[in-house]
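K.L.:
Contents of work-v5.csv (CSV, C-alpha atoms and all ligand atoms) are below:
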```csv
chain,number,residue,atom,x,y,z
A,891,MET,CA,133.3,-213.5,86.8
A,892,LYS,CA,134.6,-213.0,90.3
A,893,ASN,CA,135.6,-209.5,91.3
A,894,ILE,CA,139.0,-208.6,89.7
A,895,PRO,CA,141.0,-206.1,91.8
A,896,TYR,CA,143.2,-203.4,90.2
A,897,GLY,CA,146.2,-204.9,91.8
A,898,ARG,CA,147.1,-207.7,94.2
A,899,GLN,CA,150.1,-209.6,95.6
A,900,SER,CA,151.5,-213.0,94.4
A,901,VAL,CA,152.6,-214.9,97.4
A,902,ASP,CA,153.4,-218.6,96.9
A,903,ARG,CA,154.4,-221.6,99.0
A,904,SER,CA,158.1,-220.7,98.9
A,905,ASP,CA,157.4,-217.2,100.3
A,906,ILE,CA,155.3,-218.6,103.1
A,907,ALA,CA,157.9,-221.2,103.9
A,908,GLU,CA,160.6,-218.5,104.3
A,909,ALA,CA,158.4,-216.4,106.6
A,910,VAL,CA,157.5,-219.5,108.7
A,911,LYS,CA,161.2,-220.4,109.1
A,912,VAL,CA,161.8,-217.0,110.7
A,913,LEU,CA,158.8,-217.4,113.0
A,914,ARG,CA,160.5,-220.6,114.2
A,915,SER,CA,163.9,-218.9,114.7
A,916,ASP,CA,165.3,-216.7,117.5
A,917,TRP,CA,165.0,-213.5,115.6
A,918,LEU,CA,161.6,-212.0,114.7
A,919,THR,CA,163.1,-208.5,114.4
A,920,GLN,CA,166.6,-206.9,114.3
A,921,GLY,CA,168.0,-210.3,113.1
A,922,PRO,CA,170.0,-211.5,110.2
A,923,LYS,CA,167.2,-211.5,107.6
A,924,ILE,CA,167.2,-207.8,107.4
A,925,ALA,CA,170.8,-207.5,106.3
A,926,GLU,CA,170.2,-210.4,103.9
A,927,PHE,CA,167.2,-208.5,102.3
A,928,GLU,CA,169.3,-205.3,102.1
A,929,LYS,CA,172.1,-207.2,100.4
A,930,SER,CA,169.7,-208.7,97.9
A,931,LEU,CA,168.3,-205.2,97.2
A,932,CYS,CA,171.8,-204.0,96.5
A,933,ALA,CA,172.6,-206.9,94.2
A,934,TYR,CA,169.3,-206.5,92.4
A,935,THR,CA,169.6,-202.7,91.8
A,936,GLY,CA,173.4,-202.2,91.7
A,937,ALA,CA,173.2,-199.6,94.6
A,938,LYS,CA,175.9,-199.8,97.3
A,939,TYR,CA,173.7,-199.5,100.3
A,940,ALA,CA,170.1,-200.3,101.2
A,941,VAL,CA,168.2,-199.6,104.4
A,942,ALA,CA,165.0,-201.6,104.8
A,943,VAL,CA,162.2,-199.9,106.7
A,944,SER,CA,158.6,-200.4,107.8
A,945,SER,CA,156.9,-198.7,104.8
A,946,GLY,CA,157.5,-196.6,101.7
A,947,THR,CA,156.3,-193.6,103.7
A,948,ALA,CA,159.0,-194.2,106.4
A,949,ALA,CA,161.5,-194.5,103.6
A,950,LEU,CA,160.5,-191.1,102.2
A,951,HIS,CA,160.6,-189.6,105.7
A,952,ILE,CA,164.1,-190.8,106.6
A,953,ALA,CA,165.4,-190.0,103.1
A,954,SER,CA,164.2,-186.5,103.4
A,955,LEU,CA,165.8,-186.2,106.9
A,956,ALA,CA,169.1,-187.6,105.6
A,957,ALA,CA,169.0,-185.1,102.7
A,958,GLY,CA,168.9,-182.4,105.4
A,959,LEU,CA,165.4,-181.2,104.6
A,960,LYS,CA,164.2,-178.8,107.3
A,961,CYS,CA,162.0,-175.8,108.1
A,962,GLY,CA,162.3,-173.1,105.5
A,963,ASP,CA,163.4,-175.5,102.7
A,964,GLU,CA,161.4,-176.5,99.7
A,965,ALA,CA,160.9,-179.9,98.1
A,966,ILE,CA,159.8,-180.1,94.5
A,967,THR,CA,157.5,-183.0,93.6
A,968,SER,CA,154.7,-184.1,91.4
A,969,PRO,CA,151.0,-183.7,92.1
A,970,ILE,CA,150.1,-187.0,90.4
A,971,THR,CA,151.2,-189.3,93.2
A,972,PHE,CA,150.1,-190.7,96.5
A,973,VAL,CA,150.1,-188.1,99.3
A,974,ALA,CA,153.2,-189.6,101.0
A,975,SER,CA,155.5,-188.3,98.3
A,976,ALA,CA,154.7,-184.7,99.4
A,977,ASN,CA,153.9,-185.3,103.1
A,978,CYS,CA,157.5,-186.3,103.7
A,979,ALA,CA,158.5,-182.7,103.2
A,980,LEU,CA,155.8,-181.5,105.6
A,981,TYR,CA,157.1,-184.0,108.2
A,982,CYS,CA,160.4,-182.2,108.1
A,983,GLY,CA,158.8,-178.8,108.4
A,984,ALA,CA,159.6,-178.0,104.7
A,985,ARG,CA,157.3,-176.9,102.0
A,986,PRO,CA,156.3,-179.2,99.1
A,987,VAL,CA,156.3,-177.4,95.8
A,988,PHE,CA,154.3,-179.0,93.0
A,989,ALA,CA,155.7,-179.0,89.4
A,990,ASP,CA,153.2,-180.0,86.7
A,991,ILE,CA,153.4,-183.3,84.8
A,992,SER,CA,154.0,-184.3,81.1
A,993,PRO,CA,150.5,-185.4,80.0
A,994,ASP,CA,151.9,-188.5,78.1
A,995,THR,CA,153.5,-190.4,81.1
A,996,ALA,CA,152.1,-188.3,84.0
A,997,ASN,CA,155.6,-188.0,85.2
A,998,ILE,CA,157.0,-184.7,86.5
A,999,ASP,CA,158.0,-182.4,83.6
A,1000,PRO,CA,161.7,-181.3,84.0
A,1001,ASP,CA,160.9,-177.9,82.4
A,1002,GLU,CA,158.3,-177.3,85.1
A,1003,VAL,CA,160.8,-178.4,87.8
A,1004,SER,CA,163.3,-175.8,86.5
A,1005,LYS,CA,160.7,-173.1,86.7
A,1006,ARG,CA,160.0,-173.8,90.3
A,1007,ILE,CA,163.5,-173.8,91.7
A,1008,THR,CA,164.3,-171.1,94.2
A,1009,ARG,CA,167.2,-170.6,96.6
A,1010,ARG,CA,165.2,-172.6,99.2
A,1011,THR,CA,164.9,-175.7,97.0
A,1012,LYS,CA,166.7,-178.5,98.8
A,1013,VAL,CA,165.4,-181.7,97.1
A,1014,ILE,CA,163.5,-182.9,94.0
A,1015,ILE,CA,161.3,-185.9,94.5
A,1016,PRO,CA,160.4,-187.3,91.1
A,1017,ILE,CA,157.9,-190.2,91.1
A,1018,HIS,CA,158.1,-193.0,88.5
A,1019,PHE,CA,154.4,-193.0,88.1
A,1020,ALA,CA,152.8,-196.4,87.2
A,1021,GLY,CA,156.3,-197.9,87.1
A,1022,HIS,CA,157.4,-195.8,84.1
A,1023,PRO,CA,160.7,-194.1,84.8
A,1024,CYS,CA,160.9,-190.3,84.8
A,1025,ASP,CA,163.3,-188.4,82.6
A,1026,LEU,CA,166.1,-188.9,85.1
A,1027,SER,CA,169.1,-187.6,83.2
A,1028,GLU,CA,167.2,-184.2,82.7
A,1029,ILE,CA,166.3,-184.0,86.3
A,1030,ALA,CA,169.8,-185.0,87.5
A,1031,GLY,CA,171.2,-182.3,85.2
A,1032,ILE,CA,169.0,-179.6,86.7
A,1033,ALA,CA,169.8,-180.8,90.3
A,1034,ARG,CA,173.5,-180.9,89.7
A,1035,LYS,CA,173.7,-177.4,88.4
A,1036,LYS,CA,171.9,-176.1,91.6
A,1037,LYS,CA,173.4,-178.5,94.1
A,1038,ILE,CA,170.0,-179.9,94.9
A,1039,MET,CA,169.5,-183.5,96.0
A,1040,VAL,CA,167.3,-186.0,94.1
A,1041,ILE,CA,165.2,-188.6,95.9
A,1042,GLU,CA,163.5,-191.0,93.4
A,1043,ASP,CA,160.1,-192.2,94.6
A,1044,ALA,CA,160.2,-195.6,93.0
A,1045,ALA,CA,157.3,-197.0,95.1
A,1046,HIS,CA,155.8,-198.2,91.7
A,1047,ALA,CA,159.1,-199.0,90.0
A,1048,ILE,CA,161.2,-201.8,91.4
A,1049,GLY,CA,162.1,-203.9,88.4
A,1050,ALA,CA,161.9,-200.9,86.0
A,1051,GLU,CA,164.9,-199.7,84.0
A,1052,TYR,CA,166.1,-196.4,82.7
A,1053,LYS,CA,168.7,-196.2,79.9
A,1054,GLY,CA,169.7,-199.8,80.7
A,1055,SER,CA,170.1,-199.3,84.5
A,1056,LYS,CA,167.8,-200.8,87.1
A,1057,ILE,CA,165.7,-198.2,89.0
A,1058,GLY,CA,167.2,-198.1,92.4
A,1059,SER,CA,170.8,-198.0,91.2
A,1060,CYS,CA,170.8,-194.3,92.1
A,1061,LYS,CA,172.9,-193.6,89.0
A,1062,TYR,CA,170.9,-190.3,88.6
A,1063,SER,CA,170.0,-189.6,92.1
A,1064,ASP,CA,171.2,-189.4,95.7
A,1065,MET,CA,168.6,-191.9,97.1
A,1066,THR,CA,165.8,-194.0,95.8
A,1067,ILE,CA,162.9,-195.3,97.8
A,1068,PHE,CA,160.7,-198.4,97.3
A,1069,SER,CA,157.4,-199.5,98.8
A,1070,PHE,CA,156.6,-203.2,99.4
A,1071,HIS,CA,152.8,-202.7,100.0
A,1072,PRO,CA,150.8,-205.7,98.6
A,1073,VAL,CA,149.8,-203.9,95.4
A,1074,LYS,CA,153.4,-203.2,94.5
A,1075,THR,CA,155.7,-205.4,92.3
A,1076,ILE,CA,157.0,-207.3,95.3
A,1077,THR,CA,155.6,-207.3,98.8
A,1078,THR,CA,156.6,-207.7,102.5
A,1079,GLY,CA,153.0,-206.9,103.7
A,1080,GLU,CA,154.0,-203.4,104.7
A,1081,GLY,CA,157.6,-202.3,104.0
A,1082,GLY,CA,159.9,-200.1,102.2
A,1083,ALA,CA,163.6,-199.4,101.6
A,1084,VAL,CA,166.0,-196.5,100.8
A,1085,LEU,CA,168.9,-197.1,98.4
A,1086,THR,CA,172.0,-194.9,98.1
A,1087,ASN,CA,175.6,-195.0,96.9
A,1088,SER,CA,176.7,-192.5,99.6
A,1089,GLY,CA,178.3,-193.8,102.8
A,1090,LYS,CA,177.3,-190.6,104.6
A,1091,LEU,CA,173.7,-190.8,103.7
A,1092,HIS,CA,173.7,-194.5,104.6
A,1093,ARG,CA,174.9,-193.7,108.1
A,1094,ALA,CA,172.2,-191.1,108.5
A,1095,LEU,CA,169.5,-193.4,107.3
A,1096,LEU,CA,170.5,-196.1,109.8
A,1097,LEU,CA,170.3,-193.6,112.6
A,1098,PHE,CA,166.9,-192.2,111.6
A,1099,ARG,CA,165.5,-195.7,111.2
A,1100,ASN,CA,166.3,-196.6,114.8
A,1101,HIS,CA,165.6,-193.7,117.2
A,1102,GLY,CA,168.8,-191.9,116.2
A,1103,ILE,CA,170.6,-194.5,118.2
A,1104,THR,CA,174.1,-195.8,117.4
A,1105,LYS,CA,176.2,-198.6,118.8
A,1106,ASP,CA,179.1,-197.8,116.4
A,1107,ILE,CA,182.1,-197.5,118.9
A,1108,SER,CA,183.9,-195.2,116.5
A,1109,LEU,CA,181.1,-192.6,117.0
A,1110,MET,CA,180.6,-193.0,120.8
A,1111,ASP,CA,182.2,-191.6,124.0
A,1112,ARG,CA,185.6,-193.3,124.2
A,1113,THR,CA,185.5,-193.7,127.9
A,1114,MET,CA,182.5,-196.1,127.5
A,1115,ARG,CA,184.3,-198.5,125.2
A,1116,GLY,CA,183.9,-202.1,126.3
A,1117,CYS,CA,180.6,-201.4,128.2
A,1118,GLY,CA,178.3,-204.0,126.6
A,1119,TRP,CA,175.1,-202.1,127.6
A,1120,TYR,CA,176.1,-198.8,126.2
A,1121,TYR,CA,174.5,-196.9,123.2
A,1122,GLU,CA,174.1,-193.3,122.3
A,1123,MET,CA,171.3,-191.3,120.8
A,1124,HIS,CA,172.8,-188.8,118.3
A,1125,ASP,CA,169.7,-187.6,116.5
A,1126,LEU,CA,165.9,-187.6,116.8
A,1127,GLY,CA,165.0,-190.8,115.0
A,1128,PHE,CA,162.0,-193.2,114.9
A,1129,ASN,CA,161.1,-196.8,115.1
A,1130,TYR,CA,160.8,-197.4,111.4
A,1131,ARG,CA,162.4,-201.0,111.6
A,1132,ILE,CA,161.1,-203.8,109.4
A,1133,THR,CA,160.8,-207.2,110.9
A,1134,ASP,CA,162.8,-210.3,110.0
A,1135,ILE,CA,159.5,-212.0,109.1
A,1136,GLN,CA,158.9,-209.3,106.5
A,1137,ALA,CA,162.5,-209.3,105.3
A,1138,ALA,CA,162.4,-213.1,104.7
A,1139,LEU,CA,159.3,-212.5,102.6
A,1140,GLY,CA,161.2,-209.7,100.8
A,1141,VAL,CA,164.2,-211.9,100.0
A,1142,SER,CA,161.9,-214.6,98.6
A,1143,GLN,CA,159.8,-212.1,96.6
A,1144,LEU,CA,162.8,-210.3,95.2
A,1145,LYS,CA,163.9,-213.5,93.4
A,1146,LYS,CA,160.7,-213.3,91.4
A,1147,ALA,CA,160.7,-209.5,90.7
A,1148,ASP,CA,161.8,-209.8,87.1
A,1149,GLN,CA,159.3,-212.6,86.4
A,1150,PHE,CA,156.5,-210.4,88.0
A,1151,VAL,CA,157.4,-207.4,85.8
A,1152,GLU,CA,157.5,-209.6,82.7
A,1153,LYS,CA,154.0,-210.9,83.6
A,1154,ARG,CA,152.7,-207.3,84.1
A,1155,ARG,CA,154.2,-206.3,80.8
A,1156,SER,CA,152.6,-209.1,79.0
A,1157,ILE,CA,149.2,-208.0,80.3
A,1158,ALA,CA,149.9,-204.4,79.3
A,1159,ALA,CA,150.8,-205.7,75.8
A,1160,LEU,CA,147.5,-207.6,75.6
A,1161,TYR,CA,145.6,-204.4,76.6
A,1162,ASN,CA,147.7,-202.3,74.2
A,1163,ASP,CA,146.8,-204.6,71.3
A,1164,ALA,CA,143.1,-204.8,72.1
A,1165,PHE,CA,142.8,-201.0,72.7
A,1166,ALA,CA,144.9,-199.8,69.7
A,1167,GLY,CA,143.1,-197.0,67.8
A,1168,ASN,CA,139.9,-197.1,69.9
A,1169,GLN,CA,137.7,-194.0,70.0
A,1170,PHE,CA,137.1,-193.9,73.8
A,1171,PHE,CA,140.4,-193.5,75.5
A,1172,ASP,CA,144.2,-193.2,75.2
A,1173,THR,CA,146.5,-195.9,76.5
A,1174,PRO,CA,149.9,-195.6,78.3
A,1175,ASP,CA,153.0,-195.2,76.1
A,1176,GLU,CA,156.6,-196.4,76.9
A,1177,LYS,CA,159.5,-194.0,76.0
A,1178,LYS,CA,162.4,-195.6,74.2
A,1179,GLU,CA,164.8,-195.0,77.1
A,1180,ALA,CA,162.4,-196.7,79.6
A,1181,TYR,CA,161.5,-200.2,80.6
A,1182,SER,CA,158.3,-199.9,82.7
A,1183,ALA,CA,157.5,-202.1,85.6
A,1184,CYS,CA,153.8,-201.6,84.6
A,1185,HIS,CA,152.6,-201.2,88.1
A,1186,LEU,CA,149.4,-199.6,86.8
A,1187,TYR,CA,147.6,-199.5,83.4
A,1188,PRO,CA,146.3,-196.0,83.4
A,1189,ILE,CA,143.9,-195.1,80.5
A,1190,ARG,CA,142.8,-191.5,79.8
A,1191,LEU,CA,139.3,-190.9,78.6
A,1192,LYS,CA,139.1,-188.8,75.4
A,1193,ASP,CA,137.2,-185.5,75.4
A,1194,GLY,CA,133.7,-186.9,74.5
A,1195,TYR,CA,134.0,-189.5,77.4
A,1196,MET,CA,135.8,-187.8,80.3
A,1197,LYS,CA,132.6,-186.2,81.6
A,1198,LYS,CA,131.1,-189.7,81.9
A,1199,ARG,CA,134.0,-191.0,83.9
A,1200,LYS,CA,132.0,-191.4,87.1
A,1201,ASP,CA,129.4,-193.6,85.2
A,1202,ILE,CA,132.0,-195.6,83.4
A,1203,PHE,CA,133.9,-196.2,86.6
A,1204,ALA,CA,130.7,-197.2,88.5
A,1205,SER,CA,129.6,-199.5,85.7
A,1206,LEU,CA,133.0,-201.2,85.6
A,1207,ARG,CA,133.0,-201.8,89.4
A,1208,SER,CA,129.4,-203.1,89.3
A,1209,ARG,CA,130.5,-205.7,86.7
A,1210,GLY,CA,133.4,-206.9,88.9
A,1211,VAL,CA,136.2,-204.9,87.2
A,1212,GLY,CA,138.0,-203.3,90.2
A,1213,VAL,CA,139.1,-200.1,88.6
A,1214,GLN,CA,140.8,-197.3,90.6
A,1215,VAL,CA,141.8,-193.7,89.9
A,1216,HIS,CA,145.4,-192.6,90.3
A,1217,TYR,CA,145.7,-189.9,91.6
A,1218,ILE,CA,143.7,-187.0,93.0
A,1219,PRO,CA,146.3,-184.2,92.5
A,1220,VAL,CA,147.9,-183.8,96.0
A,1221,HIS,CA,147.7,-180.0,96.0
A,1222,THR,CA,143.9,-180.2,95.6
A,1223,GLN,CA,143.4,-182.3,98.8
A,1224,PRO,CA,141.6,-180.4,101.5
A,1225,TYR,CA,144.6,-180.5,103.9
A,1226,TYR,CA,146.8,-178.9,101.2
A,1227,ARG,CA,144.2,-176.3,100.3
A,1228,LYS,CA,144.1,-175.3,104.0
A,1229,LEU,CA,147.8,-174.7,103.7
A,1230,GLY,CA,147.2,-172.3,100.8
A,1231,TYR,CA,147.6,-174.6,97.7
A,1232,LYS,CA,145.2,-173.7,94.9
A,1233,ARG,CA,143.3,-175.7,92.3
A,1234,GLY,CA,144.4,-174.6,88.9
A,1235,ALA,CA,148.1,-174.5,89.8
A,1236,CYS,CA,149.0,-177.7,87.8
A,1237,PRO,CA,146.6,-177.8,84.8
A,1238,ASN,CA,148.1,-180.9,83.2
A,1239,ALA,CA,147.8,-182.9,86.4
A,1240,GLU,CA,144.3,-181.7,87.0
A,1241,ASP,CA,143.3,-182.6,83.4
A,1242,TYR,CA,145.0,-186.0,83.7
A,1243,TYR,CA,143.1,-186.7,86.9
A,1244,SER,CA,139.8,-185.9,85.3
A,1245,ARG,CA,140.3,-188.5,82.6
A,1246,GLU,CA,142.2,-191.3,84.3
A,1247,ILE,CA,141.0,-194.8,85.2
A,1248,SER,CA,143.5,-197.6,86.2
A,1249,LEU,CA,142.6,-201.0,84.8
A,1250,PRO,CA,143.4,-204.3,86.7
A,1251,ILE,CA,147.0,-205.4,86.2
A,1252,TYR,CA,149.0,-207.9,88.4
A,1253,PRO,CA,151.0,-211.0,87.7
A,1254,ALA,CA,148.2,-213.5,88.6
A,1255,LEU,CA,145.7,-211.8,86.3
A,1256,LYS,CA,144.6,-214.5,83.8
A,1257,ALA,CA,144.3,-213.9,80.1
A,1258,ALA,CA,140.5,-214.7,80.3
A,1259,GLN,CA,140.2,-212.0,83.1
A,1260,ALA,CA,142.0,-209.5,81.0
A,1261,ARG,CA,139.7,-210.3,78.0
A,1262,TYR,CA,136.7,-209.8,80.3
A,1263,VAL,CA,138.1,-206.3,81.3
A,1264,ILE,CA,138.6,-205.5,77.6
A,1265,ASP,CA,135.1,-206.6,76.6
A,1266,THR,CA,133.4,-204.9,79.5
A,1267,ILE,CA,135.0,-201.5,79.0
A,1268,PHE,CA,134.2,-201.6,75.3
A,1269,LYS,CA,130.6,-202.5,76.0
A,1270,ILE,CA,130.2,-199.8,78.7
A,1271,CYS,CA,131.9,-197.0,76.7
A,1272,GLY,CA,130.0,-198.0,73.5
A,1273,ARG,CA,126.7,-197.5,75.4
A,1274,ILE,CA,127.6,-194.2,77.0
A,1301,LIG,C1,154.1,-193.1,94.7
A,1301,LIG,C2,154.1,-193.6,96.1
A,1301,LIG,N1,154.9,-193.2,97.0
A,1301,LIG,C3,154.9,-193.6,98.3
A,1301,LIG,C4,154.0,-194.5,98.7
A,1301,LIG,C5,154.0,-194.9,100.2
A,1301,LIG,O1,154.3,-196.2,100.3
A,1301,LIG,P1,153.7,-197.1,101.6
A,1301,LIG,O2,152.3,-197.4,101.4
A,1301,LIG,O3,154.6,-198.3,101.6
A,1301,LIG,O4,154.0,-196.3,102.8
A,1301,LIG,C6,153.1,-195.0,97.9
A,1301,LIG,C7,152.1,-196.0,98.3
A,1301,LIG,O5,151.1,-196.3,97.7
A,1301,LIG,C8,153.1,-194.6,96.5
A,1301,LIG,O6,152.2,-195.0,95.6
```
Kindly transcribe the structure held in the file into structure tokens.
P.N.:
Amino acid sequence: MKNIPYGRQSVDRSDIAEAVKVLRSDWLTQGPKIAEFEKSLCAYTGAKYAVAVSSGTAALHIASLAAGLKCGDEAITSPITFVASANCALYCGARPVFADISPDTANIDPDEVSKRITRRTKVIIPIHFAGHPCDLSEIAGIARKKKIMVIEDAAHAIGAEYKGSKIGSCKYSDMTIFSFHPVKTITTGEGGAVLTNSGKLHRALLLFRNHGITKDISLMDRTMRGCGWYYEMHDLGFNYRITDIQAALGVSQLKKADQFVEKRRSIAALYNDAFAGNQFFDTPDEKKEAYSACHLYPIRLKDGYMKKRKDIFASLRSRGVGVQVHYIPVHTQPYYRKLGYKRGACPNAEDYYSREISLPIYPALKAAQARYVIDTIFKICGRI
């Protein structure tokens, strides 16, 4: 059996044709495809505004800036995430504060969030880990009481739903970010977006995406009206623009997002059936209010097997099963430890990490490949 990665993109002829059309057009960047992609993202999620950018990391950075995060502020986030979810606070000079997870979903625990709120807390950044939505109404309730902003990190969760609303609708948050990296539900190569229902945040996001520059005449020096060359820089922004080539791919991919999620869910269902009641590991659950995008299929080794994770992982890889581990708790990374963060601060997250292995899941994974993954893991765990 050929190597099976833990995740990969599904790009077909229609996607390629759309990207090629842009390559033949006048606009490779700053053209009409970007607005079209943003409009499609709004139609898909139900949010009023979308700002497409060069990566999920850029999306987190400009969302944090738009939220007003700055030196002296704190941002509460989860340790079970990719480092970008916390780094965005550091980029703004603020301090990430890690709240422990609920062991079942590995999502941030709202009670732990409450315990970590101080007068410095400016934002909460919950992550929909593995595509399973967080307890958003609880988090929104906590934030509302304290006038704190919520930025959903939905890098894993485009296509997921919470209480019947699409993730990205921002029904329970101020902003939501997506990533379009190739392992995610839809891809633009690299890419990301911020969604919001606030006109004020939307204006700030547009500024931060493009060097802090505006050409909106209502915001500029009146005496310069009618000067075609004129623009003004109003803030310190960045070049976080996405290209039209990527946006065309995004428009084409987004049409297939629901289909991709259904495919992922059918693979998760196949795994769930095969693994039900096994003695080696626990499998992911889905809460009744959630419809998961199944970005990952994280298993957790039981007590007798967790000490053998390294061997199980290596044996799976050597047999062509491209497993991965999500995630090394962010506060235990050397950079964060140098900043004073301590191991032991989030025991559930640290325990989760020591048991976790992500099995391959992506739309093009064939049933025969999934069965190979199932047979191989049973064989390896049975021998350990
Ligand atoms: C939870 C989470 N947030 C943010 C990011 C950053 O996204 P990008 O790789 O598009 O910058 C990732 C990427 O893997 C992620 O998994």
K.L.:
Let me make sure I understand: among A:Ala1158, A:Phe1203, A:Phe1150, A:Gly1054, which one has the smallest atom-to-atom distance to Lys1178 in chain A if we use only C-alpha atoms?
P.N.:
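Checking each of A:Ala1158, A:Phe1203, A:Phe1150, A:Gly1054 against Lys1178 in chain A, counting only C-alpha atoms, the winner is A:Gly1054.
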K.L.:
How would you write, as a VMD selection string, the set of residues no farther than 8 Å from ligand LIG 1301 (chain A) when counting only C-alpha atoms and all ligand atoms?
P.N.:
chain A and resid 944 to 950 971 to 975 1017 to 1019 1043 to 1046 1068 to 1071 1074 1080 to 1082
K.L.:
Could you tell me which of A:Gln1214, A:Asn1087, A:Ser954, A:Asn1100 comes closest to Ile1041 in chain A if we count all atoms listed in the file?
P.N.:
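Among the listed residues, the smallest separation from Ile1041 in chain A belongs to A:Ser954.
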K.L.:
Residues around (158.3, -187.6, 81.6), cut-off 7 Å, counting only C-alpha atoms - what are they as a PyMOL selection string?
P.N.:
chain A and resi 992+995-999+1024-1025
K.L.:
Please list as a CSV table (one decimal) with C-alpha atoms, keeping the file's coordinate frame every residue within 8 Å of range 1140-1148 of chain A, counting only C-alpha atoms and excluding residues in the same chain fewer than 5 positions away.
P.N.:
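Writing the result to selection.csv gives the following:
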```csv
chain,number,residue,atom,x,y,z
A,901,VAL,CA,152.6,-214.9,97.4
A,904,SER,CA,158.1,-220.7,98.9
A,905,ASP,CA,157.4,-217.2,100.3
A,908,GLU,CA,160.6,-218.5,104.3
A,926,GLU,CA,170.2,-210.4,103.9
A,927,PHE,CA,167.2,-208.5,102.3
A,930,SER,CA,169.7,-208.7,97.9
A,931,LEU,CA,168.3,-205.2,97.2
A,1048,ILE,CA,161.2,-201.8,91.4
A,1049,GLY,CA,162.1,-203.9,88.4
A,1075,THR,CA,155.7,-205.4,92.3
A,1076,ILE,CA,157.0,-207.3,95.3
A,1077,THR,CA,155.6,-207.3,98.8
A,1078,THR,CA,156.6,-207.7,102.5
```
K.L.:
Which one of A:Val1220, A:Ala1138, A:Ile1247, A:Leu1160 sits closest to Ile924 in chain A if you count all atoms listed in the file?
P.N.:
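Looking only at the distances to Ile924 in chain A, the closest residue turns out to be A:Ala1138.
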K.L.:
Kindly indicate which residue among A:Thr919, A:Ser1004, A:Thr1113, A:Thr935 lies nearest to Glu1051 in chain A, using all atoms listed in the file for the distances.
P.N.:
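Selected residue with least distance to Glu1051 in chain A: A:Thr935.
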K.L.:
Would you mind telling me which residue in A:Asp994, A:Asp1265, A:Glu928, A:Asp1125 lies nearest to Arg1190 in chain A when using all atoms listed in the file?
P.N.:
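Among the listed residues, A:Asp994 lies closest to Arg1190 in chain A.
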K.L.:
Near Gly1031 in chain A, within 12 Å and counting only C-alpha atoms, which residues show up once chain neighbours fewer than 5 positions away are dropped, as a count of residues only?
P.N.:
14
K.L.:
Excluding Lys1105 in chain A and its own-chain neighbours fewer than 6 positions away, which residues fall within 8 Å of it when counting all atoms listed in the file? Please give them as number ranges by chain.
P.N.:
A: 1120-1122
K.L.:
Have a look at A:Tyr939, A:Trp1119, A:Phe988, A:Trp917 and name the one nearest to Tyr1226 in chain A; count all atoms listed in the file.
P.N.:
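The closest residue to Tyr1226 in chain A is A:Phe988.
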K.L.:
Given the point (131.0, -191.0, 83.5) in the file's coordinates, find the residues that have an atom at most 12 Å from it, counting only C-alpha atoms, and give them as a list in words.
P.N.:
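Protein, DNA and RNA residues close to (131.0, -191.0, 83.5): Phe1170, Leu1191, Lys1192, Asp1193, Gly1194, Tyr1195, Met1196, Lys1197, Lys1198, Arg1199, Lys1200, Asp1201, Ile1202, Phe1203, Ala1204, Ser1205, Leu1206, Ser1244, Arg1245, Glu1246, Ile1247, Ile1270, Cys1271, Arg1273 and Ile1274 of chain A.
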